[in-house]
file entry.pdb (PDB, C-alpha atoms)
ATOM      1  CA  MET C   1     -12.052  46.258  46.217
ATOM      2  CA  ASN C   2     -14.275  43.556  47.764
ATOM      3  CA  LEU C   3     -12.671  40.172  47.310
ATOM      4  CA  SER C   4     -14.648  37.108  48.127
ATOM      5  CA  ILE C   5     -13.061  34.280  50.046
ATOM      6  CA  SER C   6     -13.454  31.967  47.045
ATOM      7  CA  GLU C   7     -11.732  34.505  44.760
ATOM      8  CA  ILE C   8      -8.743  34.653  47.100
ATOM      9  CA  ARG C   9      -8.570  30.871  47.440
ATOM     10  CA  SER C  10      -8.845  30.284  43.678
ATOM     11  CA  GLN C  11      -6.456  33.058  42.581
ATOM     12  CA  LYS C  12      -3.712  31.670  40.344
ATOM     13  CA  PHE C  13      -0.538  33.446  39.261
ATOM     14  CA  ARG C  14       1.462  32.852  36.145
ATOM     15  CA  THR C  15       4.971  31.566  36.684
ATOM     16  CA  LYS C  16       7.754  33.533  35.058
ATOM     17  CA  PHE C  17      11.472  33.229  34.958
ATOM     18  CA  SER C  18      12.568  32.810  38.587
ATOM     19  CA  GLY C  19       8.994  33.470  39.828
ATOM     20  CA  PHE C  20       7.336  32.975  43.191
ATOM     21  CA  ASP C  21       6.964  29.641  44.912
ATOM     22  CA  THR C  22       3.407  28.652  43.981
ATOM     23  CA  VAL C  23       2.933  26.589  47.143
ATOM     24  CA  GLU C  24       3.965  29.538  49.297
ATOM     25  CA  VAL C  25       1.681  31.933  47.389
ATOM     26  CA  SER C  26      -1.238  29.496  47.646
ATOM     27  CA  SER C  27      -0.608  28.995  51.345
ATOM     28  CA  PHE C  28      -0.469  32.715  51.930
ATOM     29  CA  LEU C  29      -3.690  33.313  49.964
ATOM     30  CA  ALA C  30      -5.394  30.596  52.006
ATOM     31  CA  ARG C  31      -4.273  32.286  55.233
ATOM     32  CA  ILE C  32      -5.567  35.635  54.012
ATOM     33  CA  ALA C  33      -8.873  34.048  53.005
ATOM     34  CA  ASP C  34      -9.196  32.418  56.431
ATOM     35  CA  GLU C  35      -8.461  35.683  58.231
ATOM     36  CA  ILE C  36     -10.939  37.613  56.105
ATOM     37  CA  ALA C  37     -13.555  34.900  56.645
ATOM     38  CA  ASP C  38     -12.971  35.099  60.400
ATOM     39  CA  ALA C  39     -13.175  38.896  60.343
ATOM     40  CA  ARG C  40     -16.408  38.804  58.336
ATOM     41  CA  LYS C  41     -17.875  36.182  60.659
ATOM     42  CA  ASN C  42     -16.908  38.268  63.696
ATOM     43  CA  ASN C  43     -18.392  41.343  62.057
ATOM     44  CA  ASP C  44     -21.636  39.465  61.296
ATOM     45  CA  ASP C  45     -21.774  38.106  64.852
ATOM     46  CA  LEU C  46     -21.227  41.559  66.310
ATOM     47  CA  SER C  47     -23.840  43.070  63.998
ATOM     48  CA  LYS C  48     -26.348  40.435  65.115
ATOM     49  CA  LYS C  49     -25.430  41.082  68.718
ATOM     50  CA  VAL C  50     -25.904  44.851  68.286
ATOM     51  CA  ILE C  51     -29.344  44.236  66.769
ATOM     52  CA  GLU C  52     -30.221  41.916  69.630
ATOM     53  CA  LEU C  53     -29.000  44.459  72.171
ATOM     54  CA  GLU C  54     -30.929  47.266  70.491
ATOM     55  CA  THR C  55     -34.045  45.087  70.607
ATOM     56  CA  ARG C  56     -33.479  44.432  74.286
ATOM     57  CA  LEU C  57     -32.976  48.142  74.882
ATOM     58  CA  LYS C  58     -36.280  48.889  73.153
ATOM     59  CA  ASP C  59     -37.896  46.248  75.351
ATOM     60  CA  TYR C  60     -36.432  47.901  78.434
ATOM     61  CA  GLN C  61     -37.609  51.284  77.210
ATOM     62  CA  SER C  62     -41.115  49.945  76.605
ATOM     63  CA  ILE C  63     -41.042  48.400  80.091
ATOM     64  CA  GLU C  64     -39.989  51.779  81.472
ATOM     65  CA  LYS C  65     -42.842  53.493  79.646
ATOM     66  CA  ALA C  66     -45.330  50.905  80.880
ATOM     67  CA  LEU C  67     -44.075  51.358  84.430
ATOM     68  CA  GLN C  68     -44.502  55.104  84.202
ATOM     69  CA  GLN C  69     -48.115  54.660  83.046
ATOM     70  CA  THR C  70     -48.726  52.215  85.872
ATOM     71  CA  LEU C  71     -47.292  54.747  88.265
ATOM     72  CA  MET C  72     -49.716  57.433  87.092
ATOM     73  CA  GLN C  73     -52.698  55.099  87.477
ATOM     74  CA  GLY C  74     -51.474  54.086  90.914
ATOM     75  CA  GLN C  75     -51.306  57.747  91.999
ATOM     76  CA  GLU C  76     -54.950  58.173  91.078
ATOM     77  CA  THR C  77     -56.125  55.115  93.013
ATOM     78  CA  ALA C  78     -54.289  55.094  96.345
ATOM     79  CA  GLY C  79     -51.531  56.983  98.176
ATOM     80  CA  LYS C  80     -49.827  54.028  99.869
ATOM     81  CA  THR C  81     -49.976  51.830  96.802
ATOM     82  CA  VAL C  82     -48.500  54.675  94.784
ATOM     83  CA  GLU C  83     -45.581  55.093  97.163
ATOM     84  CA  ILE C  84     -44.755  51.364  97.152
ATOM     85  CA  ALA C  85     -45.126  51.163  93.370
ATOM     86  CA  ARG C  86     -42.896  54.212  92.893
ATOM     87  CA  LYS C  87     -40.096  52.688  94.956
ATOM     88  CA  GLU C  88     -40.318  49.373  93.108
ATOM     89  CA  SER C  89     -40.432  51.028  89.696
ATOM     90  CA  GLN C  90     -37.430  53.200  90.492
ATOM     91  CA  LEU C  91     -35.416  50.132  91.449
ATOM     92  CA  ILE C  92     -36.459  48.329  88.281
ATOM     93  CA  LEU C  93     -35.652  51.414  86.182
ATOM     94  CA  GLN C  94     -32.233  51.781  87.765
ATOM     95  CA  GLU C  95     -31.449  48.135  87.119
ATOM     96  CA  ALA C  96     -32.719  48.411  83.546
ATOM     97  CA  GLU C  97     -30.619  51.537  82.941
ATOM     98  CA  ILE C  98     -27.539  49.901  84.457
ATOM     99  CA  LYS C  99     -28.029  46.768  82.375
ATOM    100  CA  SER C 100     -28.706  48.729  79.182
ATOM    101  CA  ALA C 101     -25.647  50.934  79.809
ATOM    102  CA  GLN C 102     -23.516  47.825  80.336
ATOM    103  CA  ILE C 103     -24.872  46.204  77.186
ATOM    104  CA  LEU C 104     -24.260  49.332  75.108
ATOM    105  CA  GLU C 105     -20.752  49.750  76.494
ATOM    106  CA  LYS C 106     -19.889  46.133  75.641
ATOM    107  CA  ALA C 107     -21.264  46.592  72.115
ATOM    108  CA  ARG C 108     -19.166  49.749  71.664
ATOM    109  CA  THR C 109     -16.069  47.967  72.964
ATOM    110  CA  ASP C 110     -16.654  45.048  70.568
ATOM    111  CA  LEU C 111     -17.160  47.466  67.680
ATOM    112  CA  ASN C 112     -13.940  49.342  68.504
ATOM    113  CA  SER C 113     -12.056  46.050  68.683
ATOM    114  CA  LEU C 114     -13.408  45.011  65.286
ATOM    115  CA  ASN C 115     -12.449  48.375  63.786
ATOM    116  CA  GLU C 116      -8.913  47.937  65.139
ATOM    117  CA  GLN C 117      -8.729  44.471  63.588
ATOM    118  CA  ILE C 118      -9.908  45.870  60.255
ATOM    119  CA  THR C 119      -7.238  48.600  60.435
ATOM    120  CA  ILE C 120      -4.561  45.994  61.137
ATOM    121  CA  LEU C 121      -5.719  43.855  58.193
ATOM    122  CA  LYS C 122      -5.663  46.898  55.886
ATOM    123  CA  ALA C 123      -2.110  47.709  57.020
ATOM    124  CA  LYS C 124      -1.074  44.096  56.347
ATOM    125  CA  LYS C 125      -2.626  44.277  52.867
ATOM    126  CA  ASP C 126      -0.776  47.541  52.120
ATOM    127  CA  SER C 127       2.490  46.002  53.335
ATOM    128  CA  ILE C 128       2.020  42.964  51.109
ATOM    129  CA  GLY C 129       1.306  45.222  48.124
ATOM    130  CA  ALA C 130       4.442  47.283  48.784
ATOM    131  CA  ARG C 131       6.585  44.150  49.083
ATOM    132  CA  LEU C 132       5.109  42.759  45.870
ATOM    133  CA  LYS C 133       5.882  46.014  44.049
ATOM    134  CA  MET C 134       9.454  45.899  45.334
ATOM    135  CA  VAL C 135       9.916  42.317  44.144
ATOM    136  CA  LEU C 136       8.451  43.109  40.725
ATOM    137  CA  LYS C 137      10.667  46.193  40.406
ATOM    138  CA  SER C 138      13.753  44.142  41.206
ATOM    139  CA  GLU C 139      12.707  41.598  38.568
ATOM    140  CA  LEU C 140      12.238  44.440  36.068
ATOM    141  CA  ASP C 141      15.700  45.767  36.921
ATOM    142  CA  LEU C 142      17.088  42.261  36.323
ATOM    143  CA  ILE C 143      15.369  42.123  32.931
ATOM    144  CA  LYS C 144      16.854  45.512  32.042
ATOM    145  CA  ALA C 145      20.302  44.256  33.033
ATOM    146  CA  LEU C 146      19.770  41.154  30.907
ATOM    147  CA  GLU C 147      18.634  43.376  28.057
ATOM    148  CA  VAL C 148      21.848  45.404  28.250
ATOM    149  CA  ASP C 149      23.823  42.177  28.293
ATOM    150  CA  GLU C 150      21.822  40.954  25.276
ATOM    151  CA  GLU C 151      22.550  44.177  23.371
ATOM    152  CA  ILE C 152      26.241  43.630  23.947
ATOM    153  CA  HIS C 153      25.977  40.114  22.552
ATOM    154  CA  SER C 154      23.337  40.974  19.926
ATOM    155  CA  ASN C 155      25.912  40.958  17.149
ATOM    156  CA  LYS C 156      26.147  37.205  17.689
ATOM    157  CA  ASN C 157      22.430  36.405  17.735
ATOM    158  CA  GLU C 158      19.727  38.989  16.754
ATOM    159  CA  ASN C 159      16.712  36.791  17.630
ATOM    160  CA  ASN C 160      17.392  36.493  21.402
ATOM    161  CA  SER C 161      16.878  40.200  22.252
ATOM    162  CA  ALA C 162      13.083  40.170  21.746
ATOM    163  CA  GLU C 163      12.277  37.894  24.725
ATOM    164  CA  PRO C 164      13.639  40.192  27.528
ATOM    165  CA  ALA C 165      11.790  43.151  25.952
ATOM    166  CA  VAL C 166       8.507  41.202  26.132
ATOM    167  CA  MET C 167       9.197  40.239  29.770
ATOM    168  CA  LYS C 168      10.059  43.886  30.565
ATOM    169  CA  THR C 169       6.788  45.092  29.026
ATOM    170  CA  GLU C 170       4.786  42.505  30.996
ATOM    171  CA  MET C 171       6.519  43.460  34.260
ATOM    172  CA  GLU C 172       5.909  47.190  33.613
ATOM    173  CA  ASP C 173       2.214  46.450  32.977
ATOM    174  CA  ILE C 174       1.977  44.556  36.257
ATOM    175  CA  LEU C 175       3.669  47.407  38.143
ATOM    176  CA  LYS C 176       1.251  49.922  36.595
ATOM    177  CA  GLN C 177      -1.719  47.790  37.669
ATOM    178  CA  LEU C 178      -0.399  47.571  41.233
ATOM    179  CA  GLY C 179       0.430  51.278  41.353
TER     180      GLY C 179
END

call {"tool": "encode", "arguments": {"input": "entry.pdb", "output": "structure tokens"}}
result
Amino acid sequence: MNLSISEIRSQKFRTKFSGFDTVEVSSFLARIADEIADARKNNDDLSKKVIELETRLKDYQSIEKALQQTLMQGQETAGKTVEIARKESQLILQEAEIKSAQILEKARTDLNSLNEQITILKAKKDSIGARLKMVLKSELDLIKALEVDEEIHSNKNENNSAEPAVMKTEMEDILKQLG
């Protein structure tokens, strides 16, 4: 399920008998939306950085290739010039390889960190879902208890027993949707 930030922020819940605090639910949804927005922004930033780093790596690789061609031409023209050029190109290649290895390692570290953050957010989402199911189940149990109480007193007033049954059906539907 891909929820947009605006969907989370605009989500409204119906209030029922002894329902959730709407301010608390709204506040929590806003926090979730902010965290998801931050995670998406971080993911986008890291993706852009990976692309930039891959571009730089290609540049370094093209530089390496150009240096190798220069080296071959230098070998054909003069022995001393070739030796000097070889030493310089090797230093440049080593620096380029070190820099590219460092850049790739940082990108991998950033990606691992982002994956860990995503895993944590998924665990938080699962925990919230489990808690919500538990709360809804307890409310359903309360409705059942009220229903039993209503059946006991139904001889006095037959019309009152229909309302808890409707609430029970609605709660069971919600639990099925969450399950």

call {"tool": "closest_residue", "arguments": {"input": "entry.pdb", "among": "C:Ala37, C:Leu46, C:Ile51, C:Ala96", "to": "Asn112 in chain C", "atoms": "only C-alpha atoms"}}
result
C:Leu46

call {"tool": "resolve_selection", "arguments": {"input": "entry.pdb", "expression": "the PyMOL selection byres ((chain C and resi 139) around 12)", "output": "PyMOL selection string"}}
result
chain C and resi 16-20+132-138+140-146+164+167-172+174-175

call {"tool": "closest_residue", "arguments": {"input": "entry.pdb", "among": "C:Ile8, C:Lys176, C:Arg56, C:Lys48", "to": "Ile103 in chain C", "atoms": "only C-alpha atoms"}}
result
C:Arg56

call {"tool": "atom_distance", "arguments": {"input": "entry.pdb", "atom1": "CA of Gln94 in chain C", "atom2": "CA of Glu76 in chain C"}}
result
23.8 Å

call {"tool": "axis_aligned_box", "arguments": {"input": "entry.pdb", "around": "range 11-24 of chain C", "padding_each_side": "8 Å", "output": "lines of an AutoDock Vina configuration file"}}
result
center_x = 3.1
center_y = 30.1
center_z = 42.1
size_x = 35.0
size_y = 22.9
size_z = 30.3
